[in-house]
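K.L.:
Please find protein_22.tsv (TSV, C-alpha atoms and all ligand atoms) on the next line:
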```tsv
chain	number	residue	atom	x	y	z
A	1	MET	CA	122.24	-10.67	148.89
A	2	PRO	CA	122.81	-12.32	152.27
A	3	GLU	CA	120.85	-10.36	154.86
A	4	LEU	CA	121.40	-10.31	158.61
A	5	PRO	CA	119.33	-13.47	159.29
A	6	GLU	CA	121.35	-15.46	156.77
A	7	VAL	CA	124.60	-14.23	158.31
A	8	GLU	CA	123.32	-15.13	161.79
A	9	VAL	CA	122.29	-18.59	160.55
A	10	THR	CA	125.72	-19.04	158.97
A	11	LYS	CA	127.42	-18.03	162.22
A	12	ARG	CA	125.30	-20.42	164.29
A	13	ALA	CA	125.94	-23.24	161.85
A	14	LEU	CA	129.69	-22.65	161.94
A	15	ILE	CA	130.03	-22.45	165.73
A	16	PRO	CA	130.16	-26.20	166.46
A	17	HIS	CA	132.72	-26.68	163.67
A	18	ILE	CA	135.10	-23.90	164.59
A	19	GLU	CA	134.76	-22.75	168.21
A	20	GLY	CA	137.45	-24.25	170.40
A	21	HIS	CA	139.27	-25.65	167.38
A	22	THR	CA	142.76	-24.70	166.23
A	23	ILE	CA	143.30	-22.97	162.90
A	24	GLU	CA	146.11	-24.86	161.20
A	25	LYS	CA	146.62	-22.60	158.21
A	26	LEU	CA	144.95	-20.27	155.74
A	27	GLU	CA	144.88	-21.09	152.08
A	28	ILE	CA	144.15	-18.03	149.96
A	29	ARG	CA	143.51	-18.59	146.27
A	30	GLU	CA	142.20	-15.13	145.36
A	31	THR	CA	143.12	-11.97	147.24
A	32	ARG	CA	141.04	-9.58	145.13
A	33	LEU	CA	137.84	-9.34	147.12
A	34	ARG	CA	136.12	-6.05	147.94
A	35	TRP	CA	139.30	-5.15	149.77
A	36	PRO	CA	142.50	-7.07	148.99
A	37	ILE	CA	143.09	-9.89	151.45
A	38	ARG	CA	146.08	-9.01	153.63
A	39	VAL	CA	147.54	-12.47	153.99
A	40	ASP	CA	150.46	-11.13	156.05
A	41	LEU	CA	148.09	-9.83	158.75
A	42	LEU	CA	145.58	-12.66	158.69
A	43	LYS	CA	148.40	-15.21	159.14
A	44	LYS	CA	148.32	-14.24	162.83
A	45	VAL	CA	145.40	-16.63	163.31
A	46	GLU	CA	147.46	-19.63	162.23
A	47	ASN	CA	148.09	-22.10	165.06
A	48	GLU	CA	145.63	-20.20	167.24
A	49	ILE	CA	142.51	-21.56	168.91
A	50	VAL	CA	139.23	-19.95	167.89
A	51	ILE	CA	137.95	-18.57	171.19
A	52	SER	CA	134.54	-17.68	169.81
A	53	LEU	CA	132.59	-16.80	166.73
A	54	SER	CA	130.39	-13.72	166.92
A	55	ARG	CA	128.50	-11.36	164.66
A	56	ARG	CA	128.27	-7.58	164.40
A	57	GLY	CA	125.96	-6.29	161.69
A	58	LYS	CA	126.66	-8.54	158.73
A	59	TYR	CA	130.25	-9.25	159.77
A	60	ILE	CA	131.24	-12.60	161.23
A	61	PHE	CA	134.04	-12.29	163.79
A	62	ILE	CA	136.53	-15.12	164.23
A	63	ASN	CA	138.00	-14.27	167.62
A	64	THR	CA	141.46	-15.53	168.58
A	65	THR	CA	144.03	-14.46	171.19
A	66	PRO	CA	146.08	-12.27	168.79
A	67	GLY	CA	142.93	-10.65	167.44
A	68	THR	CA	139.86	-10.94	165.24
A	69	ALA	CA	139.54	-11.87	161.60
A	70	MET	CA	136.25	-10.78	160.08
A	71	ILE	CA	134.31	-12.05	157.10
A	72	HIS	CA	131.56	-10.27	155.16
A	73	LEU	CA	129.53	-12.19	152.60
A	74	GLY	CA	129.07	-9.18	150.32
A	75	MET	CA	126.50	-9.65	147.56
A	76	SER	CA	126.94	-13.32	146.78
A	77	GLY	CA	129.19	-14.89	149.41
A	78	SER	CA	128.60	-18.12	151.28
A	79	ILE	CA	130.58	-20.25	153.68
A	80	GLY	CA	130.62	-24.03	153.82
A	81	VAL	CA	132.30	-26.68	155.95
A	82	PHE	CA	134.07	-29.46	154.06
A	83	ASP	CA	136.44	-32.34	154.62
A	84	GLN	CA	139.98	-31.31	153.84
A	85	PHE	CA	140.33	-33.29	150.63
A	86	VAL	CA	137.31	-31.83	148.87
A	87	PRO	CA	138.80	-29.93	145.91
A	88	PRO	CA	137.88	-26.25	145.57
A	89	LYS	CA	135.39	-25.16	142.96
A	90	LYS	CA	135.26	-21.99	140.95
A	91	HIS	CA	134.91	-18.88	143.17
A	92	ASP	CA	136.14	-20.73	146.29
A	93	HIS	CA	138.52	-17.92	147.21
A	94	PHE	CA	139.93	-19.05	150.53
A	95	ASP	CA	139.96	-21.92	153.01
A	96	ILE	CA	140.52	-21.88	156.75
A	97	HIS	CA	142.11	-25.24	157.56
A	98	LEU	CA	141.34	-26.51	161.03
A	99	ALA	CA	143.45	-28.97	162.98
A	100	ASN	CA	140.46	-31.33	163.04
A	101	LYS	CA	140.95	-31.77	159.27
A	102	LYS	CA	137.88	-29.76	158.34
A	103	ILE	CA	138.00	-26.67	156.19
A	104	ILE	CA	135.86	-23.56	156.34
A	105	ARG	CA	135.52	-22.52	152.70
A	106	PHE	CA	134.47	-19.11	151.36
A	107	ASN	CA	132.78	-18.90	147.97
A	108	ASP	CA	131.86	-15.58	146.35
A	109	PRO	CA	131.22	-15.27	142.60
A	110	ARG	CA	130.91	-11.48	142.61
A	111	ARG	CA	133.78	-10.87	145.06
A	112	PHE	CA	132.08	-8.09	147.05
A	113	GLY	CA	132.74	-10.02	150.25
A	114	CYS	CA	135.82	-9.54	152.38
A	115	PHE	CA	138.22	-11.24	154.79
A	116	ILE	CA	139.86	-8.65	156.98
A	117	TRP	CA	142.16	-8.48	159.97
A	118	ALA	CA	140.44	-6.33	162.62
A	119	GLY	CA	143.02	-6.57	165.41
A	120	LYS	CA	142.40	-6.86	169.14
A	121	GLN	CA	139.53	-4.37	169.26
A	122	PRO	CA	137.34	-5.16	166.27
A	123	GLU	CA	134.59	-2.85	167.55
A	124	LYS	CA	136.98	0.05	166.85
A	125	HIS	CA	137.70	-1.00	163.28
A	126	GLN	CA	136.63	1.62	160.74
A	127	LEU	CA	134.10	-0.73	159.15
A	128	ILE	CA	132.50	-1.42	162.53
A	129	ASN	CA	132.84	1.66	164.75
A	130	HIS	CA	130.02	3.64	163.10
A	131	LEU	CA	127.47	0.84	163.23
A	132	GLY	CA	124.22	1.43	165.08
A	133	VAL	CA	122.56	-0.94	167.53
A	134	GLU	CA	121.84	-4.60	166.86
A	135	PRO	CA	118.13	-5.06	166.07
A	136	LEU	CA	117.85	-8.16	168.28
A	137	ALA	CA	119.60	-6.52	171.23
A	138	LYS	CA	117.77	-5.10	174.25
A	139	ASP	CA	118.83	-1.54	173.46
A	140	PHE	CA	116.93	-1.57	170.17
A	141	GLN	CA	113.50	-0.32	171.25
A	142	GLY	CA	110.84	2.05	169.99
A	143	ASP	CA	112.00	4.74	172.41
A	144	TYR	CA	115.47	4.60	170.88
A	145	LEU	CA	114.09	5.10	167.35
A	146	TYR	CA	111.77	7.84	168.55
A	147	ARG	CA	114.56	9.76	170.29
A	148	LEU	CA	116.95	9.45	167.36
A	149	SER	CA	114.37	10.47	164.76
A	150	ARG	CA	113.27	13.80	166.25
A	151	ASN	CA	115.46	15.89	163.93
A	152	ARG	CA	115.46	13.52	160.94
A	153	LYS	CA	113.48	14.64	157.94
A	154	THR	CA	114.45	11.56	155.95
A	155	THR	CA	111.81	8.97	155.06
A	156	ILE	CA	111.12	6.29	157.66
A	157	LYS	CA	112.29	3.64	155.22
A	158	ALA	CA	115.69	5.29	154.72
A	159	PHE	CA	115.89	5.87	158.48
A	160	ILE	CA	115.49	2.22	159.48
A	161	MET	CA	117.78	1.08	156.65
A	162	ASN	CA	120.53	3.43	157.87
A	163	ALA	CA	123.20	1.18	159.41
A	164	SER	CA	124.33	3.92	161.78
A	165	VAL	CA	120.83	3.84	163.32
A	166	VAL	CA	120.26	0.08	163.39
A	167	VAL	CA	122.14	-2.63	161.51
A	168	GLY	CA	120.72	-5.40	159.39
A	169	VAL	CA	117.38	-3.98	158.27
A	170	GLY	CA	117.82	-4.68	154.56
A	171	ASN	CA	115.39	-3.75	151.83
A	172	ILE	CA	113.16	-6.82	152.15
A	173	TYR	CA	112.85	-6.44	155.92
A	174	ALA	CA	112.28	-2.69	155.74
A	175	ASN	CA	109.41	-3.14	153.26
A	176	GLU	CA	107.81	-5.97	155.20
A	177	SER	CA	108.13	-4.44	158.66
A	178	LEU	CA	106.67	-1.11	157.52
A	179	PHE	CA	103.70	-2.95	156.04
A	180	LEU	CA	103.17	-4.98	159.21
A	181	SER	CA	103.42	-1.79	161.30
A	182	GLY	CA	101.01	0.10	159.03
A	183	ILE	CA	103.54	2.87	158.36
A	184	HIS	CA	103.83	4.46	154.91
A	185	PRO	CA	107.44	4.14	153.68
A	186	LYS	CA	107.55	7.80	152.59
A	187	ARG	CA	106.46	9.18	155.96
A	188	ARG	CA	109.09	11.47	157.50
A	189	ALA	CA	110.96	9.85	160.37
A	190	ASN	CA	110.38	12.89	162.61
A	191	ASN	CA	106.65	12.67	161.98
A	192	ILE	CA	106.02	9.33	163.69
A	193	GLY	CA	104.92	8.99	167.29
A	194	LYS	CA	106.42	6.93	170.10
A	195	LYS	CA	103.71	4.25	170.03
A	196	ARG	CA	104.16	3.59	166.33
A	197	TYR	CA	107.93	3.36	166.80
A	198	GLN	CA	107.43	0.84	169.60
A	199	ASN	CA	105.28	-1.22	167.29
A	200	LEU	CA	107.83	-0.92	164.47
A	201	ALA	CA	110.79	-1.97	166.65
A	202	GLN	CA	108.92	-5.06	167.88
A	203	THR	CA	107.92	-5.91	164.31
A	204	ILE	CA	111.52	-5.66	163.09
A	205	LYS	CA	112.66	-7.92	165.93
A	206	SER	CA	110.02	-10.53	165.27
A	207	ILE	CA	110.45	-10.55	161.48
A	208	LEU	CA	114.22	-11.03	161.80
A	209	THR	CA	113.82	-13.68	164.50
A	210	LYS	CA	111.31	-15.58	162.39
A	211	SER	CA	113.60	-15.43	159.39
A	212	ILE	CA	116.52	-16.77	161.43
A	213	GLU	CA	114.32	-19.62	162.66
A	214	MET	CA	113.28	-20.47	159.11
A	215	GLY	CA	116.90	-20.48	157.97
A	216	GLY	CA	117.65	-22.73	160.89
A	217	THR	CA	115.67	-25.58	159.41
A	218	THR	CA	118.50	-26.39	156.99
A	219	LEU	CA	121.19	-26.43	159.68
A	220	ARG	CA	121.05	-30.21	159.98
A	221	ASN	CA	122.63	-30.69	156.57
A	222	PHE	CA	124.71	-27.59	156.71
A	223	SER	CA	128.01	-29.15	155.64
A	224	PHE	CA	126.61	-30.46	152.41
A	225	THR	CA	123.69	-28.37	151.38
A	226	TYR	CA	124.61	-24.91	152.53
A	227	GLY	CA	125.60	-22.70	149.63
A	228	LYS	CA	123.26	-24.40	147.21
A	229	GLU	CA	120.13	-23.36	149.01
A	230	LYS	CA	119.08	-19.81	149.61
A	231	ILE	CA	118.12	-19.62	153.22
A	232	GLY	CA	116.96	-16.94	155.59
A	233	TYR	CA	114.48	-15.28	153.31
A	234	PHE	CA	110.72	-15.18	153.62
A	235	LYS	CA	110.29	-16.90	150.31
A	236	HIS	CA	106.63	-17.67	150.77
A	237	ASN	CA	105.61	-15.16	153.39
A	238	LEU	CA	106.15	-11.81	151.71
A	239	PHE	CA	103.27	-9.39	152.11
A	240	VAL	CA	104.51	-6.53	149.94
A	241	TYR	CA	108.11	-7.05	148.83
A	242	SER	CA	108.26	-7.83	145.09
A	243	ARG	CA	104.44	-7.94	144.98
A	244	GLY	CA	103.84	-4.72	143.02
A	245	GLY	CA	100.44	-4.79	141.25
A	246	LYS	CA	99.19	-7.74	143.30
A	247	GLU	CA	96.41	-7.65	145.87
A	248	CYS	CA	97.16	-6.67	149.45
A	249	GLU	CA	96.44	-9.71	151.60
A	250	ALA	CA	94.92	-7.51	154.29
A	251	CYS	CA	92.56	-5.28	152.29
A	252	GLY	CA	92.60	-6.34	148.63
A	253	SER	CA	93.97	-3.02	147.29
A	254	LEU	CA	96.79	-3.27	144.77
A	255	ILE	CA	100.32	-3.12	146.17
A	256	LYS	CA	102.23	-0.11	144.85
A	257	ARG	CA	105.84	-0.04	143.75
A	258	ILE	CA	107.95	3.11	143.87
A	259	VAL	CA	111.69	3.78	144.06
A	260	LEU	CA	112.87	5.36	147.30
A	261	SER	CA	116.55	6.16	147.89
A	262	GLY	CA	117.28	4.03	144.84
A	263	ARG	CA	115.59	0.92	146.24
A	264	GLY	CA	112.43	-0.87	145.16
A	265	THR	CA	109.74	0.07	147.65
A	266	PHE	CA	106.44	-1.76	147.98
A	267	TYR	CA	103.46	-0.74	150.08
A	268	CYS	CA	99.70	-0.73	150.41
A	269	GLY	CA	98.34	2.80	150.18
A	270	LYS	CA	95.31	1.83	152.26
A	271	CYS	CA	96.95	-0.15	155.07
A	272	GLN	CA	99.99	2.09	155.45
A	273	ARG	CA	99.71	5.70	156.56
B	301	ZN	ZN	96.15	-3.19	152.31
```
For the structure just supplied, provide its representation as structure tokens.

P.N.:
Amino acid sequence: MPELPEVEVTKRALIPHIEGHTIEKLEIRETRLRWPIRVDLLKKVENEIVISLSRRGKYIFINTTPGTAMIHLGMSGSIGVFDQFVPPKKHDHFDIHLANKKIIRFNDPRRFGCFIWAGKQPEKHQLINHLGVEPLAKDFQGDYLYRLSRNRKTTIKAFIMNASVVVGVGNIYANESLFLSGIHPKRRANNIGKKRYQNLAQTIKSILTKSIEMGGTTLRNFSFTYGKEKIGYFKHNLFVYSRGGKECEACGSLIKRIVLSGRGTFYCGKCQR
């Protein structure tokens, strides 16, 4: 599943292709995504210049004068840039044709992604307005987590994965950042001190930043290789995630696997308290 770093990498890779360019037309081949594509509304972007491309949570915002169209990659979505005559493949559900003869093409085998008209104030859209802070923004700090957690009896793992607290901390990043912060995933959120929260917030920031930088290495060949390669994940640098039964790299104990809030949870019982 594309996580926040992969969405950020996608956004950055798309910016030079789309910002400042005019959208000529939309070509929708399949409207049945997670929510049906409202072609009538999205048509408003036709013949408009893309003012900017931005990201909120895992949504990519295409900002134009009449309003914002937003894309979510869902479980299996990816976006590529192609020359206009490249024929679509299976699962290529829509194209955004640009006046510069390039197309932005959305592929999504499982169709959990979406392409939605969010109007002039996308931050007020119902899919966006409940979202918590951005993990890479200044306002995401240990003090913020500490304050918010005082009356939360939920586990720390569920707390940091709650999108109304902070967006973009998916299962991999939650597991890894708790290990690196030495916090047991089952510890109650209201039972963690300010110092440990400060450490955790910095760890989340650095793990996401590092992942974005790693994804960035494939940007050069974005137009041709993106979509075939999985980027943005810590493929070789995972300390606990998916390592159940293997040795902890810090202490040699065996990594445990449990299920917490329905998600695979990995931790070292010795390093994490
Ligand atoms: Zn350990």

K.L.:
Rank nothing, just name the residue among A:Ile23, A:Val169, A:Ala163, A:Val86 nearest to Asn100 in chain A, using all atoms listed in the file.

P.N.:
A:Ile23

K.L.:
Neighbouring residues of ligand ZN 301 (chain B) are defined here as those with any atom at most 7 Å from a ligand atom, counting only C-alpha atoms and all ligand atoms; list them as number ranges by chain.

P.N.:
A: 248-253, 268-271

K.L.:
With distances taken over all atoms listed in the file, which residue among A:Thr31, A:Ser177, A:Thr265, A:Asn191 lies nearest Arg147 in chain A?

P.N.:
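Checking each of A:Thr31, A:Ser177, A:Thr265, A:Asn191 against Arg147 in chain A, counting all atoms listed in the file, the winner is A:Asn191.
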
K.L.:
Smallest atom-to-atom distance to Glu48 in chain A: which of A:Gly170, A:Gly67, A:Pro122, A:Pro5, using only C-alpha atoms?

P.N.:
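Among the listed residues, the smallest separation from Glu48 in chain A belongs to A:Gly67.
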
K.L.:
So, with all atoms listed in the file as the atoms that count, which of A:Val7, A:Val45, A:Leu260, A:Leu136 lies closest to Trp117 in chain A?

P.N.:
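Under the stated criterion, the closest residue is A:Val45.
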
K.L.:
Env of Leu145 in chain A: 10 Å cut, atoms = only C-alpha atoms, seq-sep filter 6 positions within chain, self excluded. Answer as a list in words.

P.N.:
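Listing them by chain and then by number gives Phe159, Ile160, Val165, Val166, Ala189, Asn190, Ile192, Gly193, Lys194, Tyr197, Gln198, Leu200 and Ala201 of chain A.
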
K.L.:
Nearest to Ser261 in chain A among A:Gly132, A:Gly245, A:Gly215, A:Pro185, with distances taken over only C-alpha atoms: which residue is it?

P.N.:
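Residue with the minimum atom-to-atom distance to Ser261 in chain A: A:Pro185.
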
K.L.:
Could you check the closest approach to Arg111 in chain A for each of A:Gly74, A:Gly20, A:Gly244, A:Gly182 and tell me which residue wins, using only C-alpha atoms?

P.N.:
A:Gly74
